[in-house]
file my_file.txt (compact mmCIF, N, CA and C atoms)
# COMPACT_ATOMS: atom_id res chain seq x y z
N GLN U 1 15.15 -11.38 -6.01
CA GLN U 1 13.93 -11.38 -5.22
C GLN U 1 13.94 -10.17 -4.29
N VAL U 2 12.78 -9.61 -4.05
CA VAL U 2 12.67 -8.43 -3.21
C VAL U 2 12.03 -8.81 -1.88
N GLN U 3 12.58 -8.26 -0.80
CA GLN U 3 11.98 -8.41 0.52
C GLN U 3 11.35 -7.08 0.90
N LEU U 4 10.17 -7.15 1.47
CA LEU U 4 9.41 -5.96 1.84
C LEU U 4 9.20 -5.92 3.35
N VAL U 5 9.34 -4.73 3.91
CA VAL U 5 9.13 -4.55 5.34
C VAL U 5 8.26 -3.32 5.56
N GLU U 6 7.11 -3.51 6.21
CA GLU U 6 6.23 -2.40 6.53
C GLU U 6 6.58 -1.85 7.91
N SER U 7 6.32 -0.56 8.10
CA SER U 7 6.51 0.08 9.40
C SER U 7 5.53 1.23 9.52
N GLY U 8 5.39 1.75 10.74
CA GLY U 8 4.57 2.92 10.97
C GLY U 8 3.21 2.64 11.57
N GLY U 9 2.88 1.37 11.78
CA GLY U 9 1.60 1.05 12.38
C GLY U 9 1.55 1.47 13.85
N GLY U 10 0.35 1.40 14.42
CA GLY U 10 0.20 1.76 15.81
C GLY U 10 -1.26 1.92 16.17
N SER U 11 -1.50 2.49 17.33
CA SER U 11 -2.85 2.72 17.82
C SER U 11 -3.14 4.22 17.83
N VAL U 12 -4.26 4.60 17.24
CA VAL U 12 -4.66 6.00 17.20
C VAL U 12 -6.14 6.11 17.49
N GLU U 13 -6.56 7.32 17.85
CA GLU U 13 -7.98 7.58 18.07
C GLU U 13 -8.65 7.93 16.75
N PRO U 14 -9.95 7.74 16.67
CA PRO U 14 -10.67 8.10 15.43
C PRO U 14 -10.45 9.55 15.05
N GLY U 15 -10.33 9.78 13.75
CA GLY U 15 -10.11 11.12 13.24
C GLY U 15 -8.65 11.47 13.03
N ASN U 16 -7.76 10.67 13.60
CA ASN U 16 -6.33 10.93 13.48
C ASN U 16 -5.75 10.31 12.21
N SER U 17 -4.45 10.50 12.04
CA SER U 17 -3.76 10.03 10.84
C SER U 17 -2.58 9.14 11.21
N LEU U 18 -2.19 8.32 10.25
CA LEU U 18 -0.98 7.52 10.35
C LEU U 18 -0.32 7.47 8.98
N ARG U 19 0.99 7.29 9.00
CA ARG U 19 1.73 7.14 7.75
C ARG U 19 2.52 5.84 7.83
N LEU U 20 2.19 4.94 6.92
CA LEU U 20 2.90 3.66 6.84
C LEU U 20 3.97 3.74 5.77
N SER U 21 5.05 2.99 5.97
CA SER U 21 6.12 2.92 4.98
C SER U 21 6.38 1.48 4.60
N CYS U 22 6.79 1.29 3.38
CA CYS U 22 7.16 -0.02 2.85
C CYS U 22 8.56 0.11 2.28
N ALA U 23 9.50 -0.61 2.88
CA ALA U 23 10.89 -0.55 2.44
C ALA U 23 11.26 -1.84 1.72
N ALA U 24 12.08 -1.69 0.70
CA ALA U 24 12.50 -2.84 -0.10
C ALA U 24 13.97 -3.16 0.17
N SER U 25 14.29 -4.43 0.14
CA SER U 25 15.68 -4.86 0.19
C SER U 25 15.83 -6.08 -0.71
N GLY U 26 17.05 -6.34 -1.08
CA GLY U 26 17.31 -7.48 -1.95
C GLY U 26 17.25 -7.11 -3.42
N ARG U 27 16.32 -6.25 -3.74
CA ARG U 27 16.20 -5.77 -5.11
C ARG U 27 15.36 -4.51 -5.06
N ALA U 28 15.70 -3.54 -5.88
CA ALA U 28 14.98 -2.27 -5.85
C ALA U 28 13.56 -2.43 -6.36
N PHE U 29 12.71 -1.49 -5.98
CA PHE U 29 11.33 -1.50 -6.44
C PHE U 29 11.25 -1.37 -7.96
N ASN U 30 12.16 -0.61 -8.53
CA ASN U 30 12.27 -0.51 -9.98
C ASN U 30 10.97 -0.05 -10.64
N GLY U 31 10.33 0.94 -10.06
CA GLY U 31 9.16 1.53 -10.70
C GLY U 31 7.84 0.89 -10.37
N GLY U 32 7.84 -0.15 -9.55
CA GLY U 32 6.59 -0.79 -9.16
C GLY U 32 6.12 -1.81 -10.19
N PRO U 33 4.86 -2.26 -10.09
CA PRO U 33 3.81 -1.81 -9.20
C PRO U 33 4.02 -2.22 -7.73
N ILE U 34 3.68 -1.30 -6.84
CA ILE U 34 3.63 -1.55 -5.42
C ILE U 34 2.21 -1.28 -4.94
N GLY U 35 1.68 -2.22 -4.20
CA GLY U 35 0.31 -2.10 -3.71
C GLY U 35 0.24 -2.14 -2.20
N TRP U 36 -0.86 -1.64 -1.67
CA TRP U 36 -1.17 -1.74 -0.24
C TRP U 36 -2.49 -2.49 -0.09
N PHE U 37 -2.51 -3.38 0.88
CA PHE U 37 -3.69 -4.16 1.22
C PHE U 37 -3.86 -4.13 2.73
N ARG U 38 -5.02 -4.55 3.19
CA ARG U 38 -5.22 -4.71 4.62
C ARG U 38 -6.12 -5.91 4.85
N GLN U 39 -6.00 -6.44 6.06
CA GLN U 39 -6.83 -7.59 6.42
C GLN U 39 -7.26 -7.45 7.87
N ALA U 40 -8.55 -7.36 8.06
CA ALA U 40 -9.14 -7.29 9.39
C ALA U 40 -9.48 -8.70 9.86
N PRO U 41 -9.58 -8.92 11.16
CA PRO U 41 -9.89 -10.26 11.68
C PRO U 41 -11.17 -10.81 11.07
N GLY U 42 -11.11 -12.02 10.56
CA GLY U 42 -12.28 -12.67 10.01
C GLY U 42 -12.69 -12.21 8.63
N LYS U 43 -11.88 -11.32 8.03
CA LYS U 43 -12.22 -10.80 6.71
C LYS U 43 -11.13 -11.14 5.70
N GLU U 44 -11.49 -11.04 4.43
CA GLU U 44 -10.53 -11.28 3.37
C GLU U 44 -9.59 -10.08 3.22
N ARG U 45 -8.46 -10.34 2.60
CA ARG U 45 -7.50 -9.26 2.34
C ARG U 45 -8.12 -8.27 1.35
N GLU U 46 -8.05 -7.01 1.69
CA GLU U 46 -8.71 -5.96 0.92
C GLU U 46 -7.70 -5.08 0.20
N PHE U 47 -7.90 -4.87 -1.06
CA PHE U 47 -7.05 -3.98 -1.85
C PHE U 47 -7.32 -2.53 -1.45
N LEU U 48 -6.25 -1.74 -1.32
CA LEU U 48 -6.37 -0.33 -0.98
C LEU U 48 -5.90 0.57 -2.13
N GLY U 49 -4.75 0.28 -2.69
CA GLY U 49 -4.22 1.12 -3.73
C GLY U 49 -2.97 0.54 -4.33
N VAL U 50 -2.59 1.05 -5.50
CA VAL U 50 -1.38 0.59 -6.19
C VAL U 50 -0.79 1.77 -6.93
N MET U 51 0.52 1.77 -7.06
CA MET U 51 1.17 2.83 -7.81
C MET U 51 2.34 2.31 -8.62
N THR U 52 2.64 3.02 -9.68
CA THR U 52 3.86 2.84 -10.44
C THR U 52 4.49 4.21 -10.65
N TRP U 53 5.75 4.22 -11.02
CA TRP U 53 6.41 5.52 -11.20
C TRP U 53 7.57 5.40 -12.17
N SER U 54 7.94 6.54 -12.72
CA SER U 54 9.13 6.66 -13.53
C SER U 54 9.76 8.01 -13.21
N ASP U 55 10.78 8.37 -13.94
CA ASP U 55 11.41 9.68 -13.72
C ASP U 55 10.46 10.81 -14.09
N TYR U 56 9.41 10.52 -14.84
CA TYR U 56 8.58 11.58 -15.40
C TYR U 56 7.16 11.61 -14.87
N GLU U 57 6.68 10.51 -14.29
CA GLU U 57 5.29 10.51 -13.87
C GLU U 57 5.06 9.50 -12.77
N ARG U 58 3.94 9.70 -12.08
CA ARG U 58 3.43 8.77 -11.08
C ARG U 58 2.04 8.33 -11.53
N ASN U 59 1.72 7.09 -11.32
CA ASN U 59 0.39 6.58 -11.65
C ASN U 59 -0.18 5.89 -10.42
N TYR U 60 -1.45 6.15 -10.15
CA TYR U 60 -2.11 5.63 -8.96
C TYR U 60 -3.47 5.05 -9.31
N TYR U 61 -3.86 4.07 -8.52
CA TYR U 61 -5.24 3.58 -8.57
C TYR U 61 -5.62 3.20 -7.15
N TYR U 62 -6.77 3.71 -6.68
CA TYR U 62 -7.21 3.48 -5.31
C TYR U 62 -8.57 2.79 -5.29
N SER U 63 -8.78 2.02 -4.24
CA SER U 63 -10.09 1.46 -3.97
C SER U 63 -11.05 2.60 -3.62
N ASP U 64 -12.30 2.45 -4.01
CA ASP U 64 -13.30 3.46 -3.68
C ASP U 64 -13.46 3.62 -2.17
N SER U 65 -13.17 2.57 -1.41
CA SER U 65 -13.37 2.61 0.03
C SER U 65 -12.40 3.55 0.74
N VAL U 66 -11.26 3.85 0.11
CA VAL U 66 -10.28 4.72 0.76
C VAL U 66 -9.91 5.94 -0.07
N LYS U 67 -10.45 6.04 -1.26
CA LYS U 67 -10.11 7.17 -2.13
C LYS U 67 -10.47 8.48 -1.44
N GLY U 68 -9.54 9.41 -1.46
CA GLY U 68 -9.74 10.69 -0.81
C GLY U 68 -9.23 10.74 0.62
N ARG U 69 -9.05 9.60 1.25
CA ARG U 69 -8.50 9.55 2.61
C ARG U 69 -7.09 8.99 2.65
N PHE U 70 -6.79 8.04 1.77
CA PHE U 70 -5.49 7.39 1.75
C PHE U 70 -4.74 7.84 0.50
N THR U 71 -3.44 8.08 0.66
CA THR U 71 -2.62 8.53 -0.45
C THR U 71 -1.29 7.79 -0.44
N MET U 72 -0.89 7.27 -1.58
CA MET U 72 0.39 6.61 -1.71
C MET U 72 1.41 7.60 -2.26
N SER U 73 2.68 7.39 -1.88
CA SER U 73 3.74 8.23 -2.42
C SER U 73 5.04 7.44 -2.45
N LYS U 74 5.96 7.91 -3.27
CA LYS U 74 7.28 7.27 -3.40
C LYS U 74 8.32 8.26 -2.90
N ASP U 75 9.17 7.80 -1.98
CA ASP U 75 10.23 8.64 -1.49
C ASP U 75 11.34 8.67 -2.53
N SER U 76 11.70 9.85 -2.98
CA SER U 76 12.69 9.95 -4.05
C SER U 76 14.10 9.64 -3.57
N ARG U 77 14.32 9.74 -2.25
CA ARG U 77 15.67 9.55 -1.74
C ARG U 77 15.93 8.10 -1.33
N GLU U 78 14.90 7.42 -0.91
CA GLU U 78 15.05 6.06 -0.44
C GLU U 78 14.09 5.16 -1.20
N ASP U 79 14.37 3.88 -1.17
CA ASP U 79 13.51 2.94 -1.88
C ASP U 79 12.36 2.54 -0.97
N THR U 80 11.49 3.52 -0.70
CA THR U 80 10.32 3.27 0.13
C THR U 80 9.08 3.82 -0.55
N VAL U 81 7.97 3.18 -0.28
CA VAL U 81 6.65 3.65 -0.71
C VAL U 81 5.81 3.83 0.55
N SER U 82 5.14 4.97 0.65
CA SER U 82 4.38 5.29 1.84
C SER U 82 2.89 5.27 1.57
N LEU U 83 2.13 5.09 2.64
CA LEU U 83 0.67 5.18 2.59
C LEU U 83 0.25 6.14 3.69
N GLN U 84 -0.20 7.32 3.29
CA GLN U 84 -0.70 8.31 4.24
C GLN U 84 -2.18 8.06 4.44
N MET U 85 -2.58 7.87 5.70
CA MET U 85 -3.97 7.54 6.01
C MET U 85 -4.53 8.63 6.91
N ASN U 86 -5.56 9.30 6.45
CA ASN U 86 -6.16 10.41 7.19
C ASN U 86 -7.58 10.08 7.64
N ASN U 87 -8.03 10.80 8.65
CA ASN U 87 -9.40 10.66 9.15
C ASN U 87 -9.76 9.19 9.39
N LEU U 88 -8.91 8.54 10.15
CA LEU U 88 -9.09 7.11 10.40
C LEU U 88 -10.32 6.85 11.27
N ASN U 89 -10.94 5.70 11.05
CA ASN U 89 -12.06 5.28 11.88
C ASN U 89 -11.88 3.81 12.25
N SER U 90 -12.78 3.32 13.07
CA SER U 90 -12.61 1.96 13.60
C SER U 90 -12.62 0.90 12.50
N ASP U 91 -13.29 1.19 11.39
CA ASP U 91 -13.30 0.23 10.27
C ASP U 91 -11.94 0.09 9.61
N ASP U 92 -11.03 0.99 9.91
CA ASP U 92 -9.69 0.92 9.34
C ASP U 92 -8.76 0.02 10.16
N THR U 93 -9.23 -0.49 11.26
CA THR U 93 -8.42 -1.39 12.09
C THR U 93 -8.15 -2.68 11.33
N ALA U 94 -6.87 -2.98 11.15
CA ALA U 94 -6.49 -4.16 10.36
C ALA U 94 -4.97 -4.29 10.39
N VAL U 95 -4.49 -5.39 9.84
CA VAL U 95 -3.06 -5.52 9.52
C VAL U 95 -2.87 -5.03 8.10
N TYR U 96 -1.91 -4.15 7.91
CA TYR U 96 -1.67 -3.54 6.61
C TYR U 96 -0.42 -4.14 5.98
N PHE U 97 -0.54 -4.49 4.70
CA PHE U 97 0.53 -5.14 3.96
C PHE U 97 0.90 -4.34 2.73
N CYS U 98 2.17 -4.30 2.41
CA CYS U 98 2.55 -3.84 1.08
C CYS U 98 2.97 -5.05 0.25
N ALA U 99 2.87 -4.90 -1.05
CA ALA U 99 3.13 -6.01 -1.95
C ALA U 99 3.72 -5.47 -3.24
N ALA U 100 4.52 -6.30 -3.88
CA ALA U 100 5.15 -5.93 -5.14
C ALA U 100 4.78 -6.94 -6.22
N ALA U 101 4.55 -6.43 -7.41
CA ALA U 101 4.27 -7.29 -8.56
C ALA U 101 5.47 -7.28 -9.48
N GLU U 102 5.67 -8.37 -10.20
CA GLU U 102 6.70 -8.39 -11.22
C GLU U 102 6.31 -7.39 -12.32
N SER U 103 7.23 -7.12 -13.20
CA SER U 103 7.01 -6.11 -14.23
C SER U 103 5.63 -6.31 -14.85
N TYR U 104 4.93 -5.21 -14.98
CA TYR U 104 3.51 -5.25 -15.39
C TYR U 104 3.26 -4.06 -16.28
N SER U 105 2.53 -4.27 -17.36
CA SER U 105 2.30 -3.18 -18.31
C SER U 105 0.83 -2.92 -18.56
N GLY U 106 -0.05 -3.59 -17.85
CA GLY U 106 -1.48 -3.39 -18.06
C GLY U 106 -2.03 -2.26 -17.23
N PRO U 107 -3.34 -2.06 -17.24
CA PRO U 107 -3.96 -0.99 -16.46
C PRO U 107 -3.88 -1.29 -14.97
N LEU U 108 -3.70 -0.25 -14.17
CA LEU U 108 -3.55 -0.45 -12.73
C LEU U 108 -4.80 -1.03 -12.10
N TYR U 109 -5.98 -0.73 -12.65
CA TYR U 109 -7.20 -1.25 -12.04
C TYR U 109 -7.28 -2.78 -12.11
N ASP U 110 -6.47 -3.40 -12.92
CA ASP U 110 -6.43 -4.86 -12.98
C ASP U 110 -5.60 -5.45 -11.85
N LEU U 111 -4.96 -4.60 -11.05
CA LEU U 111 -4.12 -5.08 -9.96
C LEU U 111 -4.85 -4.99 -8.62
N ASP U 112 -6.16 -5.02 -8.62
CA ASP U 112 -6.92 -4.87 -7.39
C ASP U 112 -7.17 -6.20 -6.69
N SER U 113 -6.29 -7.15 -6.91
CA SER U 113 -6.43 -8.46 -6.29
C SER U 113 -5.08 -8.90 -5.74
N SER U 114 -5.09 -9.53 -4.57
CA SER U 114 -3.84 -9.98 -3.97
C SER U 114 -3.16 -11.04 -4.83
N ALA U 115 -3.92 -11.75 -5.63
CA ALA U 115 -3.34 -12.80 -6.46
C ALA U 115 -2.42 -12.24 -7.54
N LYS U 116 -2.51 -10.96 -7.81
CA LYS U 116 -1.71 -10.35 -8.87
C LYS U 116 -0.31 -9.95 -8.38
N PHE U 117 -0.07 -10.07 -7.09
CA PHE U 117 1.20 -9.63 -6.51
C PHE U 117 2.05 -10.82 -6.13
N ASN U 118 3.37 -10.67 -6.28
CA ASN U 118 4.30 -11.78 -6.11
C ASN U 118 5.03 -11.77 -4.77
N TYR U 119 5.25 -10.59 -4.21
CA TYR U 119 6.04 -10.47 -2.99
C TYR U 119 5.25 -9.68 -1.96
N TRP U 120 5.37 -10.10 -0.70
CA TRP U 120 4.59 -9.50 0.37
C TRP U 120 5.47 -9.24 1.59
N GLY U 121 5.15 -8.15 2.29
CA GLY U 121 5.72 -7.95 3.60
C GLY U 121 4.94 -8.73 4.64
N ARG U 122 5.37 -8.64 5.89
CA ARG U 122 4.71 -9.39 6.96
C ARG U 122 3.58 -8.61 7.61
N GLY U 123 3.47 -7.34 7.27
CA GLY U 123 2.35 -6.55 7.77
C GLY U 123 2.67 -5.73 9.00
N THR U 124 1.87 -4.69 9.20
CA THR U 124 1.98 -3.84 10.39
C THR U 124 0.57 -3.55 10.89
N GLN U 125 0.38 -3.65 12.19
CA GLN U 125 -0.95 -3.52 12.78
C GLN U 125 -1.33 -2.05 12.92
N VAL U 126 -2.56 -1.75 12.51
CA VAL U 126 -3.15 -0.43 12.74
C VAL U 126 -4.43 -0.64 13.54
N THR U 127 -4.53 0.05 14.67
CA THR U 127 -5.71 -0.05 15.52
C THR U 127 -6.27 1.35 15.74
N VAL U 128 -7.54 1.51 15.42
CA VAL U 128 -8.21 2.80 15.59
C VAL U 128 -9.29 2.62 16.64
N SER U 129 -9.10 3.27 17.76
CA SER U 129 -10.02 3.07 18.87
C SER U 129 -9.98 4.27 19.80
N SER U 130 -11.13 4.58 20.38
CA SER U 130 -11.18 5.66 21.35
C SER U 130 -11.01 5.10 22.76

call {"tool": "encode", "arguments": {"input": "my_file.txt", "output": "structure tokens"}}
result
Amino acid sequence: QVQLVESGGGSVEPGNSLRLSCAASGRAFNGGPIGWFRQAPGKEREFLGVMTWSDYERNYYYSDSVKGRFTMSKDSREDTVSLQMNNLNSDDTAVYFCAAAESYSGPLYDLDSSAKFNYWGRGTQVTVSS
């Protein structure tokens, strides 16, 4: 079983950036899929993006709501997956979660639901406010 821990959240002003990290313990990520979600007060958990990787390639799928502003990456030295968030605005205020799915071979766009993921971190708060 894999345990996930998010870090990097905080409070920023609109237009700024944050980089979140998701670290694994107990079992390696092993190529993913690893996804990022967020949940704002009173709203449902929202899919942001998912990635898989191998020694030869990276595969990504992003929600239209964050495409072009948010970017996922895999640290080659450590078993972490990051979410770079640029040009943040107040609508990005939420608790951010990373999640891991068991081995999966289908298209990444089918992983745009929290129900498809088996393991979750406890989340990290991001607040965007002037």

call {"tool": "residues_near_point", "arguments": {"input": "my_file.txt", "point": "(10.6, 1.7, -6.6)", "cutoff": "8 Å", "atoms": "all atoms listed in the file", "output": "PyMOL selection string"}}
result
chain U and resi 27-34+52-53+74-75+78-81

call {"tool": "closest_residue", "arguments": {"input": "my_file.txt", "among": "U:Ser63, U:Ser11, U:Ser129, U:Asn89", "to": "Leu48 of chain U", "atoms": "only N, CA and C atoms"}}
result
U:Ser63

call {"tool": "closest_residue", "arguments": {"input": "my_file.txt", "among": "U:Ala40, U:Leu83, U:Met51, U:Ala94", "to": "Gly8 of chain U", "atoms": "only C-alpha atoms"}}
result
U:Leu83

call {"tool": "closest_residue", "arguments": {"input": "my_file.txt", "among": "U:Val50, U:Ala23, U:Asn86, U:Asp110", "to": "Phe37 of chain U", "atoms": "all atoms listed in the file"}}
result
U:Val50

call {"tool": "atom_distance", "arguments": {"input": "my_file.txt", "atom1": "atom N of Thr124 of chain U", "atom2": "atom N of Tyr104 of chain U"}}
result
24.4 Å

call {"tool": "atom_distance", "arguments": {"input": "my_file.txt", "atom1": "atom CA of Asn118 of chain U", "atom2": "atom CA of Ser54 of chain U"}}
result
20.5 Å

call {"tool": "axis_aligned_box", "arguments": {"input": "my_file.txt", "around": "segment 70-82 of chain U", "padding_each_side": "3 Å", "output": "lines of an AutoDock Vina configuration file"}}
result
center_x = 4.6
center_y = 6.2
center_z = -1.1
size_x = 28.7
size_y = 13.4
size_z = 11.9

call {"tool": "closest_residue", "arguments": {"input": "my_file.txt", "among": "U:Asn87, U:Ser105, U:Asn59, U:Gln1", "to": "Glu13 of chain U", "atoms": "all atoms listed in the file"}}
result
U:Asn87

call {"tool": "atom_distance", "arguments": {"input": "my_file.txt", "atom1": "atom CA of Val126 of chain U", "atom2": "atom CA of Thr71 of chain U"}}
result
16.0 Å

call {"tool": "residues_near_point", "arguments": {"input": "my_file.txt", "point": "(-10.4, -5.4, 9.5)", "cutoff": "8 Å", "atoms": "only C-alpha atoms", "output": "list in words"}}
result
Arg38, Gln39, Ala40, Pro41, Gly42, Lys43, Asp91, Asp92, Thr93, Ala94 and Val95 of chain U

call {"tool": "write_last_selection", "arguments": {"input": "my_file.txt", "atoms": "N, CA and C atoms", "output": "PDB file, keeping the file's coordinate frame"}}
result
ATOM      1  N   ARG U  38      -5.020  -4.550   3.190  1.00  0.00           N
ATOM      2  CA  ARG U  38      -5.220  -4.710   4.620  1.00  0.00           C
ATOM      3  C   ARG U  38      -6.120  -5.910   4.850  1.00  0.00           C
ATOM      4  N   GLN U  39      -6.000  -6.440   6.060  1.00  0.00           N
ATOM      5  CA  GLN U  39      -6.830  -7.590   6.420  1.00  0.00           C
ATOM      6  C   GLN U  39      -7.260  -7.450   7.870  1.00  0.00           C
ATOM      7  N   ALA U  40      -8.550  -7.360   8.060  1.00  0.00           N
ATOM      8  CA  ALA U  40      -9.140  -7.290   9.390  1.00  0.00           C
ATOM      9  C   ALA U  40      -9.480  -8.700   9.860  1.00  0.00           C
ATOM     10  N   PRO U  41      -9.580  -8.920  11.160  1.00  0.00           N
ATOM     11  CA  PRO U  41      -9.890 -10.260  11.680  1.00  0.00           C
ATOM     12  C   PRO U  41     -11.170 -10.810  11.070  1.00  0.00           C
ATOM     13  N   GLY U  42     -11.110 -12.020  10.560  1.00  0.00           N
ATOM     14  CA  GLY U  42     -12.280 -12.670  10.010  1.00  0.00           C
ATOM     15  C   GLY U  42     -12.690 -12.210   8.630  1.00  0.00           C
ATOM     16  N   LYS U  43     -11.880 -11.320   8.030  1.00  0.00           N
ATOM     17  CA  LYS U  43     -12.220 -10.800   6.710  1.00  0.00           C
ATOM     18  C   LYS U  43     -11.130 -11.140   5.700  1.00  0.00           C
ATOM     19  N   ASP U  91     -13.290   1.190  11.390  1.00  0.00           N
ATOM     20  CA  ASP U  91     -13.300   0.230  10.270  1.00  0.00           C
ATOM     21  C   ASP U  91     -11.940   0.090   9.610  1.00  0.00           C
ATOM     22  N   ASP U  92     -11.030   0.990   9.910  1.00  0.00           N
ATOM     23  CA  ASP U  92      -9.690   0.920   9.340  1.00  0.00           C
ATOM     24  C   ASP U  92      -8.760   0.020  10.160  1.00  0.00           C
ATOM     25  N   THR U  93      -9.230  -0.490  11.260  1.00  0.00           N
ATOM     26  CA  THR U  93      -8.420  -1.390  12.090  1.00  0.00           C
ATOM     27  C   THR U  93      -8.150  -2.680  11.330  1.00  0.00           C
ATOM     28  N   ALA U  94      -6.870  -2.980  11.150  1.00  0.00           N
ATOM     29  CA  ALA U  94      -6.490  -4.160  10.360  1.00  0.00           C
ATOM     30  C   ALA U  94      -4.970  -4.290  10.390  1.00  0.00           C
ATOM     31  N   VAL U  95      -4.490  -5.390   9.840  1.00  0.00           N
ATOM     32  CA  VAL U  95      -3.060  -5.520   9.520  1.00  0.00           C
ATOM     33  C   VAL U  95      -2.870  -5.030   8.100  1.00  0.00           C
TER      34      VAL U  95
END

call {"tool": "select_by_dssp", "arguments": {"input": "my_file.txt", "residues": "chain U", "states": "strand (DSSP E or B)", "output": "PyMOL selection string"}}
result
chain U and resi 3-7+10-12+18-25+34-39+46-53+58-62+67+70-74+80-85+94-100+119-120+124-128
